[in-house]
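Quick notes on the structure that follows.
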Amino acid sequence: MSKETTISKVPFKGTAEEEKKLREVIASWKGKAGCLMPVMQEAQGIYGYLPIEVQKIIADELDIPLEEVYGVSTFYSQFSLNPKGEYKIGVCLGTACYVKGAKEVYDKLCSELNIQSGGVTADGIFSLEATRCIGCCGLAPVMMINDDVYGQLTADKIPAILDSYRRK
Amino acid sequence: MTHAIDKTNFCNKQTRVALRNCGIIDPENIDEYIARDGYQALAKVLKTMTPEQVIKVILDSGLRGRGGAGFPTGRKWQLARQIVPDADQKYVCCNADEGDPGAFMDRSVLEGDPHALLEAMAIAGFAIGATQGYIYVRAEYPVAVKRLDIAIRQAREYGLLGENIFDSGFSFDIDIRLGAGAFVCGEETALMTSIEGHRGEPRPRPPFPAEKGLFGKPSVLNNVETYANIAQIILNGPEWFASMGTERSKGTKVFALGGKINNTGLVEIPMGTTLRTVIEDIGGGIPNGKRFKAAQTGGPSGGCIPAEHFDIPIDYDNLISIGSMMGSGGLIVMDEDNCMVDIAKFFLEFTVDESCGKCTPCRIGNRRLLEMLTKITEGKATLEDLDKMEKLCYYIKENSLCGLGQTAPNPVLSTLRYFRDEYISHIVDKTCPASVCKKLLKFTITDNCKGCTLCARKCPVNAISGAVKQKHVIDQDKCIKCGVCMDSCKFSAIEKK
């Protein structure tokens with residue numbers, strides 16, 4: 001859950017096509033009050049994360065100091081400075097999930113994937129995040145893998161769920 | 001069938017005002033909202049009322065903010081109208097950054113009845129003299145964002161948003177801004193700073209947003225559930241709304257029931273309903289024959305209510321008087337298997353993580369508080385630490401800049417107030433009565449042991465020894481309390497105390 005502040009060591013692999021899209025997004029927002037965050041959100045949608053190279057383009061184009069762009073990107077937990085896995089796992093650690101055993105589910109995921117919150121597996125398939133309440137408290141404990149929600153989890157259900165994604 | 005459902009305790013103790021359309025209309029079809037008297041209130045306001053009359057109706061209804069603090073909504077609108085009467089621009093904002101863990105009533109309104117929100121914001125715009133609205137919604141609610149987007153487009157098509165609505169000369173439009181996962185942005189000044197495109201840090205008040213808010217202009221910010229009541233108040237009159245609830249808390253409140261309770265989900269009850277009715281009748285009690293220990297309200301800013309206050313009527317002032325608060329409406333039930341020190345630590349971990357770092361009492365104070373709690377759960381604390389901890393709680397409350405820090409110690413204070421004996425057990429007896437705090441647990445092997453050797457083979461630190469077909473023993477000095485032995489034992493021969 002803690003925010004990342006270290007710049008990614010993974011080499012930047014942005015394409016010319018992605019950069020063209022990014023510049024279009026910036027052009028459509030430029031001049032509007034409070035446009036920095038929407039631009040960064042769309043940029044993350046294009047690249048999957050916000051490498052420093054992308055932040056530099058945003059800073060130059062919007063004429064905002066890079067230091068301020070970087071400040072915003074490290075303040076909000078949604079912005080990621082590192083690439084994510086193909087399947088993004090988010091385990092809810094909200095109160096309702098916590099009192100119903102979300103910690104055991106989270107620990108099981110850590111040991112099965114051999115990563116901690118914020119990490120990506122070596123093969124790049126899974127990344128793990130301990131998230132805030134995702135508002136599915138009636139189904140607690142809950143996790144999400146990309147857009148799929150899994151409810152009423154127990155630790156022993158985890159290996160089979162992970163396997164179903166490995167087979168994809 | 002509907003008849004039978006209406007007669008269940010889950011339904012017949014509820015009164016739906018804010019949730020009246022949720023699950024009933026198609027939220028992506030504006031005609032269905034209009035068929036349920038949608039936009040009638042906006043028409044009534046624009047055609048027959050003055051802004052002052054609108055504010056008076058809201059004041060008379062007694063509606064208070066549903067986001068948690070309970071400030072009178074009519075008063076907020078009045079201030080935004082009057083403080084800077086000649087402002088060239090004013091803003092109406094909606095706080096849909098529902099960040100309290102365990103609360104999801106706003107999501108339900110956003111996804112199930114988005115037009116109710118748009119209509120109410122337009123009414124607020126007319127009342128205070130604003131022409132632009134912003135909805136700040138969590139990016140974690142993609143369905144809500146999509147439906148709001150559809151609703152705004154449909155309302156513009158029908159001329160219910162935009163220029164010269166109902167030929168009244170009043171113009172109003174709404175834009176969506178997405179949050180990016182920062183709990184502090186639920187605080188009004190932080191939310192506005194975030195819409196402006198900066199790090200969501202709160203600003204000192206005064207000046208209050210009614211004077212200098214979004215982009216430095218007079219602004220009003222209300223929560224989703226507050227807005228969901230507005231059109232009904234305009235249509236049915238303030239007396240109707242004020243006839244529900246208690247003397248100082250009018251209307252209904254939506255709660256998100258969760259945790260150790262049979263019926264989980266959203267329930268909307270008149271203010272003044274007792275906790276007993278909510279938990280036993282509507283919630284259907286505690287599962288697995290367990291004993292009720294506490295109900296947590298108000299999220300990380302609230303507190304735990306013990307069984308002795310089961311019959312207290314739920315309203316803003318009563319909850320404050322027993323050391324909790326209404327909050328946005330999360331109501332998490334805990335049973336005898338939950339450790340209250342662990343729960344306090346859980347919330348502190350949350351606030352430490354979400355503190356924006358701007359002011360020292362919150363940034364450093366809460367971290368120290370968490371360290372003290374951790375010490376207690378590890379059996380390393382003394383009774384002196386408990387006194388120090390209590391003093392620190394009050395220091396943080398009195399000196400923090402915004403609501404996040406000012407309320408962060410509440411979970412600690414309320415558990416200290418009602419469950420002090422649990423803290424004492426951790427400190428003096430070095431035991432966790434609910435068997436939750438791992439460092440204080442002791443795993444032992446009982447006479448049920450058949451000597452199958454499975455646990456000894458599974459133990460990651462080789463702490464278990466014993467010959468085949470003979471009772472095994474756990475070396476307590478080596479044991480790391482991981483619980484693998486207990487999970488693997490086929491004869492339930494391992495005890496955790």
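Lettering and numbering for the structure tokens are positional, with chains as A, B, ... in the shown order, residues counted from 1 in each chain, and ligands counted from 1 in the shown order.
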Could you make a table, as a tab-separated table, of the residues of chain A that have an atom within 8 Å of an atom of chain B, each with its nearest atom pair and distance in Å to one decimal, counting only C-alpha atoms, in chain and number order?
```
residue	atom	partner	partner_atom	distance
A:Met1	CA	B:Asp353	CA	7.4
A:Ser2	CA	B:Asp353	CA	6.3
A:Ala33	CA	B:Glu196	CA	6.6
A:Gly34	CA	B:Glu196	CA	4.1
A:Cys35	CA	B:Gly197	CA	6.2
A:Leu36	CA	B:Gly197	CA	5.2
A:Met37	CA	B:Gly197	CA	5.4
A:Pro38	CA	B:Leu178	CA	7.3
A:Glu68	CA	B:His198	CA	7.9
A:Gly71	CA	B:Arg199	CA	6.8
A:Val72	CA	B:Arg199	CA	5.1
A:Phe75	CA	B:Arg199	CA	6.0
A:Tyr76	CA	B:Ala180	CA	5.5
A:Ser77	CA	B:Gly181	CA	5.2
A:Gln78	CA	B:Ala180	CA	5.0
A:Phe79	CA	B:Ala180	CA	7.2
A:Gly94	CA	B:Pro101	CA	4.6
A:Thr95	CA	B:Pro101	CA	5.5
A:Ala96	CA	B:Gly259	CA	4.8
A:Cys97	CA	B:Gly259	CA	7.2
A:Val99	CA	B:Gly259	CA	6.1
A:Lys100	CA	B:Gly259	CA	6.4
A:Arg132	CA	B:Pro101	CA	6.8
A:Cys133	CA	B:Pro101	CA	4.8
A:Ile134	CA	B:Glu140	CA	6.7
A:Gly135	CA	B:Phe104	CA	5.0
A:Cys136	CA	B:Phe104	CA	7.5
A:Cys137	CA	B:Gly102	CA	5.9
A:Gly138	CA	B:Thr264	CA	5.0
A:Ala140	CA	B:Gly259	CA	7.7
```
Those selected residues, please, written with N, CA, C and O atoms and delivered as a compact mmCIF listing (two decimals), in the first residue's frame.
```txt
# COMPACT_ATOMS: atom_id res chain seq x y z
N MET A 1 0.81 -1.20 0.00
CA MET A 1 0.00 0.00 0.00
C MET A 1 0.86 1.27 0.00
O MET A 1 0.42 2.31 -0.43
N SER A 2 2.09 1.13 0.49
CA SER A 2 2.90 2.34 0.57
C SER A 2 3.27 2.80 -0.84
O SER A 2 3.40 1.99 -1.75
N ALA A 33 -8.22 24.22 -16.67
CA ALA A 33 -7.83 24.29 -15.26
C ALA A 33 -7.76 22.89 -14.66
O ALA A 33 -8.65 22.07 -14.87
N GLY A 34 -6.69 22.62 -13.93
CA GLY A 34 -6.56 21.34 -13.23
C GLY A 34 -6.36 20.16 -14.16
O GLY A 34 -6.82 19.06 -13.87
N CYS A 35 -5.66 20.37 -15.30
CA CYS A 35 -5.58 19.31 -16.31
C CYS A 35 -4.50 18.27 -16.02
O CYS A 35 -4.48 17.22 -16.63
N LEU A 36 -3.60 18.52 -15.06
CA LEU A 36 -2.45 17.62 -14.89
C LEU A 36 -2.87 16.19 -14.55
O LEU A 36 -2.40 15.23 -15.17
N MET A 37 -3.77 16.05 -13.57
CA MET A 37 -4.12 14.68 -13.17
C MET A 37 -4.84 13.90 -14.26
O MET A 37 -4.49 12.75 -14.51
N PRO A 38 -5.85 14.48 -14.93
CA PRO A 38 -6.48 13.72 -16.02
C PRO A 38 -5.46 13.30 -17.08
O PRO A 38 -5.53 12.18 -17.60
N GLU A 68 7.02 18.98 -10.03
CA GLU A 68 5.61 18.98 -9.62
C GLU A 68 4.89 17.74 -10.17
O GLU A 68 4.07 17.13 -9.48
N GLY A 71 5.95 14.97 -8.10
CA GLY A 71 5.29 15.09 -6.79
C GLY A 71 3.89 14.51 -6.82
O GLY A 71 3.48 13.77 -5.91
N VAL A 72 3.15 14.80 -7.87
CA VAL A 72 1.79 14.28 -8.00
C VAL A 72 1.83 12.76 -8.20
O VAL A 72 1.07 12.01 -7.60
N PHE A 75 2.39 11.01 -4.96
CA PHE A 75 1.43 11.27 -3.88
C PHE A 75 0.27 10.28 -3.94
O PHE A 75 -0.19 9.78 -2.93
N TYR A 76 -0.20 9.99 -5.14
CA TYR A 76 -1.40 9.16 -5.30
C TYR A 76 -1.01 7.70 -5.56
O TYR A 76 -0.18 7.42 -6.42
N SER A 77 -1.66 6.79 -4.83
CA SER A 77 -1.26 5.39 -4.94
C SER A 77 -1.63 4.78 -6.28
O SER A 77 -1.08 3.77 -6.69
N GLN A 78 -2.57 5.41 -7.01
CA GLN A 78 -2.98 4.85 -8.30
C GLN A 78 -1.87 4.97 -9.35
O GLN A 78 -1.78 4.15 -10.25
N PHE A 79 -1.04 6.00 -9.22
CA PHE A 79 0.02 6.18 -10.20
C PHE A 79 1.18 5.26 -9.88
O PHE A 79 1.63 5.16 -8.75
N GLY A 94 -9.62 -3.76 3.26
CA GLY A 94 -10.57 -2.90 3.96
C GLY A 94 -11.05 -3.58 5.23
O GLY A 94 -10.81 -4.77 5.43
N THR A 95 -11.77 -2.84 6.06
CA THR A 95 -12.15 -3.36 7.38
C THR A 95 -12.98 -4.63 7.32
O THR A 95 -12.70 -5.61 8.02
N ALA A 96 -14.01 -4.63 6.46
CA ALA A 96 -14.90 -5.79 6.41
C ALA A 96 -14.13 -7.03 5.98
O ALA A 96 -14.32 -8.13 6.51
N CYS A 97 -13.24 -6.87 4.99
CA CYS A 97 -12.43 -7.99 4.53
C CYS A 97 -11.43 -8.41 5.62
O CYS A 97 -11.21 -9.59 5.84
N VAL A 99 -11.62 -8.17 8.94
CA VAL A 99 -12.18 -8.93 10.06
C VAL A 99 -12.62 -10.32 9.61
O VAL A 99 -12.85 -11.19 10.43
N LYS A 100 -12.75 -10.53 8.30
CA LYS A 100 -13.14 -11.86 7.82
C LYS A 100 -11.96 -12.64 7.24
O LYS A 100 -12.14 -13.57 6.47
N ARG A 132 -6.96 -0.69 -1.01
CA ARG A 132 -7.99 -0.11 -0.16
C ARG A 132 -9.31 -0.79 -0.46
O ARG A 132 -9.45 -1.49 -1.46
N CYS A 133 -10.30 -0.49 0.37
CA CYS A 133 -11.65 -1.02 0.20
C CYS A 133 -12.12 -0.83 -1.24
O CYS A 133 -12.08 0.26 -1.77
N ILE A 134 -12.56 -1.93 -1.88
CA ILE A 134 -13.06 -1.79 -3.24
C ILE A 134 -14.58 -1.78 -3.27
O ILE A 134 -15.19 -1.88 -4.31
N GLY A 135 -15.20 -1.69 -2.09
CA GLY A 135 -16.65 -1.50 -2.03
C GLY A 135 -17.46 -2.75 -2.32
O GLY A 135 -18.59 -2.67 -2.78
N CYS A 136 -16.88 -3.92 -2.08
CA CYS A 136 -17.63 -5.17 -2.24
C CYS A 136 -17.75 -5.86 -0.88
O CYS A 136 -17.63 -7.08 -0.78
N CYS A 137 -17.97 -5.05 0.16
CA CYS A 137 -17.87 -5.54 1.54
C CYS A 137 -18.83 -6.70 1.82
O CYS A 137 -18.59 -7.50 2.71
N GLY A 138 -19.94 -6.77 1.07
CA GLY A 138 -20.89 -7.85 1.29
C GLY A 138 -20.32 -9.20 0.90
O GLY A 138 -20.85 -10.24 1.31
N ALA A 140 -17.04 -10.06 1.37
CA ALA A 140 -15.73 -10.16 2.01
C ALA A 140 -15.37 -11.59 2.43
O ALA A 140 -16.27 -12.35 2.81
```
Might you pull out every residue within 6 Å of region 381-386 of chain B, with only C-alpha atoms counted and same-chain residues fewer than 5 positions away left off, and present them as a PyMOL selection string? chain B and resi 375-376+427
Excluding Asp148 (chain A) and any residue of its chain fewer than 3 positions from it, enumerate the residues within 12 Å of it, using only C-alpha atoms, and give them as number ranges by chain.
A: 87-91, 142-145, 151, 161, 165
Just-selected residues, N, CA, C and O atoms written as a JSON list (two decimals), in the first residue's frame:
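Printed below is part-v7.json as written:
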```json
[["chain", "number", "residue", "atom", "x", "y", "z"],
["A", 87, "TYR", "N", -1.40, -9.86, -15.25],
["A", 87, "TYR", "CA", -2.59, -9.94, -14.41],
["A", 87, "TYR", "C", -2.31, -9.19, -13.11],
["A", 87, "TYR", "O", -1.42, -9.56, -12.35],
["A", 88, "LYS", "N", -3.10, -8.15, -12.88],
["A", 88, "LYS", "CA", -2.89, -7.34, -11.68],
["A", 88, "LYS", "C", -3.81, -7.83, -10.57],
["A", 88, "LYS", "O", -5.03, -7.75, -10.69],
["A", 89, "ILE", "N", -3.22, -8.36, -9.52],
["A", 89, "ILE", "CA", -4.02, -8.87, -8.40],
["A", 89, "ILE", "C", -4.11, -7.79, -7.34],
["A", 89, "ILE", "O", -3.09, -7.24, -6.91],
["A", 90, "GLY", "N", -5.31, -7.47, -6.93],
["A", 90, "GLY", "CA", -5.51, -6.52, -5.83],
["A", 90, "GLY", "C", -6.28, -7.20, -4.71],
["A", 90, "GLY", "O", -7.42, -7.63, -4.92],
["A", 91, "VAL", "N", -5.64, -7.35, -3.56],
["A", 91, "VAL", "CA", -6.34, -7.96, -2.42],
["A", 91, "VAL", "C", -6.89, -6.84, -1.55],
["A", 91, "VAL", "O", -6.14, -5.97, -1.11],
["A", 142, "VAL", "N", -12.35, -10.22, -0.33],
["A", 142, "VAL", "CA", -12.44, -10.07, -1.78],
["A", 142, "VAL", "C", -11.06, -9.78, -2.39],
["A", 142, "VAL", "O", -10.23, -9.13, -1.76],
["A", 143, "MET", "N", -10.83, -10.29, -3.60],
["A", 143, "MET", "CA", -9.68, -9.80, -4.37],
["A", 143, "MET", "C", -10.11, -9.59, -5.82],
["A", 143, "MET", "O", -11.13, -10.12, -6.25],
["A", 144, "MET", "N", -9.33, -8.77, -6.53],
["A", 144, "MET", "CA", -9.60, -8.57, -7.96],
["A", 144, "MET", "C", -8.39, -9.00, -8.76],
["A", 144, "MET", "O", -7.26, -8.74, -8.35],
["A", 145, "ILE", "N", -8.63, -9.68, -9.89],
["A", 145, "ILE", "CA", -7.55, -9.95, -10.83],
["A", 145, "ILE", "C", -7.98, -9.27, -12.12],
["A", 145, "ILE", "O", -9.00, -9.65, -12.70],
["A", 151, "GLY", "N", -14.97, -13.31, -4.58],
["A", 151, "GLY", "CA", -15.49, -13.03, -3.24],
["A", 151, "GLY", "C", -15.48, -14.25, -2.35],
["A", 151, "GLY", "O", -15.24, -15.37, -2.81],
["A", 161, "ILE", "N", -7.13, -20.69, -8.24],
["A", 161, "ILE", "CA", -7.44, -19.46, -8.99],
["A", 161, "ILE", "C", -6.22, -19.00, -9.78],
["A", 161, "ILE", "O", -6.32, -18.67, -10.96],
["A", 165, "TYR", "N", -5.26, -18.75, -14.25],
["A", 165, "TYR", "CA", -4.68, -17.67, -15.06],
["A", 165, "TYR", "C", -3.39, -18.10, -15.74],
["A", 165, "TYR", "O", -3.09, -17.67, -16.85]]
```
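Rounded to one decimal, CA of His426 (chain B) and CA of Lys438 (chain B) lie 11.5 Å from each other.
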Nearest to Thr131 (chain A), restricted to only C-alpha atoms and choosing among A:Ala59, A:Leu93, A:Ala160, A:Val149, comes out as A:Leu93
Just want the 9 Å neighbourhood of Asp475 (chain B), counted on only C-alpha atoms, with same-chain residues fewer than 5 positions away dropped. Output as a PDB file with N, CA and C atoms, in the first residue's frame.
```
ATOM      1  N   ASN B 462      11.846 -26.462  11.860  1.00  0.00           N
ATOM      2  CA  ASN B 462      12.162 -27.705  12.572  1.00  0.00           C
ATOM      3  C   ASN B 462      11.986 -27.584  14.086  1.00  0.00           C
ATOM      4  N   ALA B 463      10.867 -27.003  14.492  1.00  0.00           N
ATOM      5  CA  ALA B 463      10.632 -26.810  15.923  1.00  0.00           C
ATOM      6  C   ALA B 463       9.887 -27.992  16.537  1.00  0.00           C
ATOM      7  N   ILE B 464       9.423 -28.931  15.684  1.00  0.00           N
ATOM      8  CA  ILE B 464       8.616 -30.039  16.205  1.00  0.00           C
ATOM      9  C   ILE B 464       9.439 -31.328  16.182  1.00  0.00           C
ATOM     10  N   SER B 465       9.414 -32.034  17.312  1.00  0.00           N
ATOM     11  CA  SER B 465      10.151 -33.300  17.359  1.00  0.00           C
ATOM     12  C   SER B 465       9.267 -34.384  17.964  1.00  0.00           C
TER      13      SER B 465
END
```
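One distance worth recording is that between CA of Phe10 (chain B) and CA of Glu239 (chain B), which is 27.1 Å.
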Got a sec to tell me which of region 354-447 of chain B DSSP assigns to helix (DSSP H, G or I), as a short mmCIF file (atom, residue, chain, number, x, y, z; two decimals) with N, CA and C atoms, in the first residue's frame?
```
data_model
loop_
_atom_site.label_atom_id
_atom_site.label_comp_id
_atom_site.auth_asym_id
_atom_site.auth_seq_id
_atom_site.Cartn_x
_atom_site.Cartn_y
_atom_site.Cartn_z
N GLU B 354 -1.93 6.73 4.98
CA GLU B 354 -2.69 7.73 4.22
C GLU B 354 -2.42 9.16 4.67
N THR B 360 3.07 17.92 11.23
CA THR B 360 3.88 17.01 12.04
C THR B 360 3.07 16.13 13.00
N PRO B 361 2.07 16.67 13.71
CA PRO B 361 1.36 15.81 14.67
C PRO B 361 0.82 14.54 14.01
N CYS B 362 0.29 14.70 12.80
CA CYS B 362 -0.29 13.56 12.10
C CYS B 362 0.80 12.67 11.51
N ARG B 363 1.79 13.29 10.85
CA ARG B 363 2.83 12.51 10.17
C ARG B 363 3.67 11.70 11.16
N ILE B 364 4.17 12.37 12.22
CA ILE B 364 5.05 11.70 13.17
C ILE B 364 4.25 11.06 14.31
N GLY B 365 3.26 11.82 14.81
CA GLY B 365 2.51 11.35 15.98
C GLY B 365 1.84 10.01 15.75
N ASN B 366 1.18 9.87 14.61
CA ASN B 366 0.48 8.61 14.35
C ASN B 366 1.45 7.45 14.16
N ARG B 367 2.63 7.77 13.62
CA ARG B 367 3.63 6.71 13.45
C ARG B 367 4.08 6.20 14.83
N ARG B 368 4.33 7.15 15.74
CA ARG B 368 4.72 6.76 17.11
C ARG B 368 3.61 5.94 17.77
N LEU B 369 2.37 6.37 17.52
CA LEU B 369 1.22 5.68 18.11
C LEU B 369 1.17 4.23 17.61
N LEU B 370 1.42 4.06 16.31
CA LEU B 370 1.42 2.72 15.73
C LEU B 370 2.53 1.86 16.33
N GLU B 371 3.70 2.48 16.56
CA GLU B 371 4.80 1.73 17.17
C GLU B 371 4.43 1.23 18.57
N MET B 372 3.74 2.11 19.32
CA MET B 372 3.32 1.71 20.66
C MET B 372 2.33 0.56 20.61
N LEU B 373 1.38 0.65 19.66
CA LEU B 373 0.39 -0.43 19.52
C LEU B 373 1.08 -1.74 19.13
N THR B 374 2.05 -1.63 18.24
CA THR B 374 2.77 -2.83 17.81
C THR B 374 3.48 -3.47 19.00
N LYS B 375 4.09 -2.61 19.83
CA LYS B 375 4.75 -3.10 21.04
C LYS B 375 3.77 -3.89 21.92
N ILE B 376 2.56 -3.35 22.04
CA ILE B 376 1.56 -4.02 22.88
C ILE B 376 1.20 -5.38 22.29
N THR B 377 0.99 -5.43 20.96
CA THR B 377 0.59 -6.70 20.37
C THR B 377 1.72 -7.72 20.37
N LEU B 383 2.67 -0.85 31.40
CA LEU B 383 1.48 -0.05 31.68
C LEU B 383 1.77 1.44 31.51
N GLU B 384 3.02 1.80 31.72
CA GLU B 384 3.41 3.19 31.53
C GLU B 384 3.21 3.61 30.07
N ASP B 385 3.52 2.69 29.15
CA ASP B 385 3.32 2.98 27.73
C ASP B 385 1.86 3.31 27.42
N LEU B 386 0.97 2.64 28.14
CA LEU B 386 -0.46 2.84 27.91
C LEU B 386 -0.85 4.29 28.23
N ASP B 387 -0.32 4.81 29.34
CA ASP B 387 -0.61 6.21 29.70
C ASP B 387 -0.03 7.18 28.68
N LYS B 388 1.22 6.89 28.28
CA LYS B 388 1.87 7.74 27.27
C LYS B 388 1.05 7.75 25.98
N MET B 389 0.56 6.57 25.63
CA MET B 389 -0.18 6.42 24.39
C MET B 389 -1.45 7.28 24.43
N GLU B 390 -2.12 7.26 25.56
CA GLU B 390 -3.35 8.02 25.69
C GLU B 390 -3.07 9.52 25.56
N LYS B 391 -2.00 9.97 26.20
CA LYS B 391 -1.63 11.40 26.11
C LYS B 391 -1.34 11.79 24.66
N LEU B 392 -0.59 10.92 23.98
CA LEU B 392 -0.24 11.20 22.58
C LEU B 392 -1.49 11.31 21.72
N CYS B 393 -2.48 10.44 21.99
CA CYS B 393 -3.75 10.48 21.24
C CYS B 393 -4.36 11.88 21.30
N TYR B 394 -4.44 12.45 22.50
CA TYR B 394 -5.07 13.77 22.64
C TYR B 394 -4.22 14.85 21.98
N TYR B 395 -2.90 14.68 22.06
CA TYR B 395 -2.02 15.66 21.43
C TYR B 395 -2.26 15.70 19.91
N ILE B 396 -2.35 14.51 19.31
CA ILE B 396 -2.56 14.44 17.86
C ILE B 396 -3.91 15.04 17.49
N LYS B 397 -4.94 14.70 18.27
CA LYS B 397 -6.29 15.20 17.99
C LYS B 397 -6.34 16.73 18.01
N GLU B 398 -5.64 17.30 19.02
CA GLU B 398 -5.76 18.75 19.20
C GLU B 398 -4.89 19.55 18.23
N ASN B 399 -3.86 18.95 17.69
CA ASN B 399 -2.89 19.75 16.93
C ASN B 399 -2.82 19.47 15.44
N GLY B 403 -9.11 17.00 9.29
CA GLY B 403 -9.93 15.96 9.89
C GLY B 403 -9.25 14.60 9.98
N LEU B 404 -8.35 14.30 9.03
CA LEU B 404 -7.72 12.98 9.06
C LEU B 404 -6.92 12.80 10.36
N GLY B 405 -6.05 13.76 10.65
CA GLY B 405 -5.24 13.67 11.86
C GLY B 405 -6.06 13.88 13.13
N GLN B 406 -7.02 14.80 13.05
CA GLN B 406 -7.81 15.12 14.25
C GLN B 406 -8.64 13.93 14.72
N THR B 407 -8.94 12.99 13.81
CA THR B 407 -9.76 11.85 14.22
C THR B 407 -8.98 10.54 14.21
N ASN B 410 -9.01 8.18 17.21
CA ASN B 410 -10.30 7.72 17.75
C ASN B 410 -10.42 6.21 17.91
N PRO B 411 -9.99 5.40 16.95
CA PRO B 411 -10.10 3.95 17.15
C PRO B 411 -9.32 3.48 18.38
N VAL B 412 -8.19 4.14 18.66
CA VAL B 412 -7.41 3.75 19.84
C VAL B 412 -8.15 4.18 21.11
N LEU B 413 -8.62 5.43 21.12
CA LEU B 413 -9.29 5.94 22.32
C LEU B 413 -10.55 5.15 22.64
N SER B 414 -11.34 4.83 21.61
CA SER B 414 -12.59 4.13 21.90
C SER B 414 -12.35 2.69 22.35
N THR B 415 -11.33 2.03 21.80
CA THR B 415 -11.07 0.67 22.28
C THR B 415 -10.46 0.71 23.69
N LEU B 416 -9.68 1.76 23.97
CA LEU B 416 -9.15 1.91 25.33
C LEU B 416 -10.27 2.13 26.33
N ARG B 417 -11.29 2.87 25.87
CA ARG B 417 -12.41 3.19 26.76
C ARG B 417 -13.23 1.96 27.10
N TYR B 418 -13.51 1.12 26.12
CA TYR B 418 -14.42 0.00 26.34
C TYR B 418 -13.72 -1.35 26.50
N ARG B 420 -10.35 -1.83 27.70
CA ARG B 420 -9.07 -1.63 28.37
C ARG B 420 -8.52 -2.96 28.87
N ASP B 421 -9.42 -3.84 29.34
CA ASP B 421 -8.97 -5.13 29.87
C ASP B 421 -8.20 -5.94 28.83
N GLU B 422 -8.58 -5.76 27.54
CA GLU B 422 -7.83 -6.49 26.50
C GLU B 422 -6.41 -5.96 26.35
N TYR B 423 -6.29 -4.63 26.47
CA TYR B 423 -4.94 -4.03 26.44
C TYR B 423 -4.12 -4.56 27.61
N ILE B 424 -4.76 -4.59 28.81
CA ILE B 424 -4.05 -5.04 30.01
C ILE B 424 -3.59 -6.50 29.84
N SER B 425 -4.47 -7.34 29.27
CA SER B 425 -4.09 -8.74 29.05
C SER B 425 -2.83 -8.84 28.20
N HIS B 426 -2.77 -8.02 27.14
CA HIS B 426 -1.60 -8.05 26.26
C HIS B 426 -0.34 -7.61 27.01
N ILE B 427 -0.52 -6.58 27.87
CA ILE B 427 0.65 -5.98 28.51
C ILE B 427 1.11 -6.78 29.73
N VAL B 428 0.15 -7.10 30.61
CA VAL B 428 0.52 -7.74 31.88
C VAL B 428 0.61 -9.26 31.74
N ASP B 429 -0.44 -9.87 31.18
CA ASP B 429 -0.46 -11.34 31.11
C ASP B 429 0.24 -11.87 29.86
N LYS B 438 -0.20 -12.73 16.84
CA LYS B 438 0.63 -13.92 16.63
C LYS B 438 1.76 -14.07 17.63
N LYS B 439 2.43 -12.94 17.92
CA LYS B 439 3.60 -13.01 18.78
C LYS B 439 3.24 -13.51 20.18
N LEU B 440 1.95 -13.40 20.55
CA LEU B 440 1.54 -13.80 21.91
C LEU B 440 0.90 -15.18 21.94
#
```
Practice task
Excluding region 309-323 of chain B and any residue of its chain fewer than 2 positions from it, enumerate the residues within 8 Å of it, using only C-alpha atoms, and give them as a PyMOL selection string.
Solution key: chain B and resi 70+246+248-249+271-276+302-307+325-326+410+413-414
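Between CA of Gly14 (chain A) and CA of Glu61 (chain A) the separation is 17.3 Å.
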Worksheet entry | Contacts of Lys108 (chain A) within 8 Å, only C-alpha atoms, excl. fewer than 4 positions in-chain, as JSON, numbers by chain | {"A": [104, 112, 155, 158]}
Go ahead and write the selection's residues with C-alpha atoms as a CSV table (one decimal), in the first residue's frame.
```
chain,number,residue,atom,x,y,z
A,104,GLU,CA,-4.5,-14.9,5.5
A,112,GLU,CA,2.4,-18.6,-3.7
A,155,ALA,CA,-6.5,-19.1,1.6
A,158,ILE,CA,-5.9,-19.3,-4.0
```
ask   = In chain A, what's strand (DSSP E or B) per DSSP? Answer as number ranges by chain?
value = A: 87-92, 120, 126-131, 143-145, 148-150
Worksheet item: Within 12 Å of Asn236 (chain B), counting only C-alpha atoms, which residues qualify if same-chain residues fewer than 3 places away don't, as a ChimeraX atom specification?
Response: /B:17,37,40-41,44,57-58,61,229-233,239-243
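Compared by their closest atoms to Glu18 (chain A), and using only C-alpha atoms, the residues A:Leu62, A:Val54, A:Ile115, A:Ala122 rank with A:Val54 nearest.
Closest approach to Thr154 (chain A) among A:Glu19, A:Asp123, A:Asp107, A:Glu67 is made by A:Asp107 (distances from only C-alpha atoms).
Distances here use only C-alpha atoms; by that measure, the residue among A:Gly48, A:Pro141, A:Gly85, A:Gly31 closest to Gly118 (chain A) is A:Gly85.
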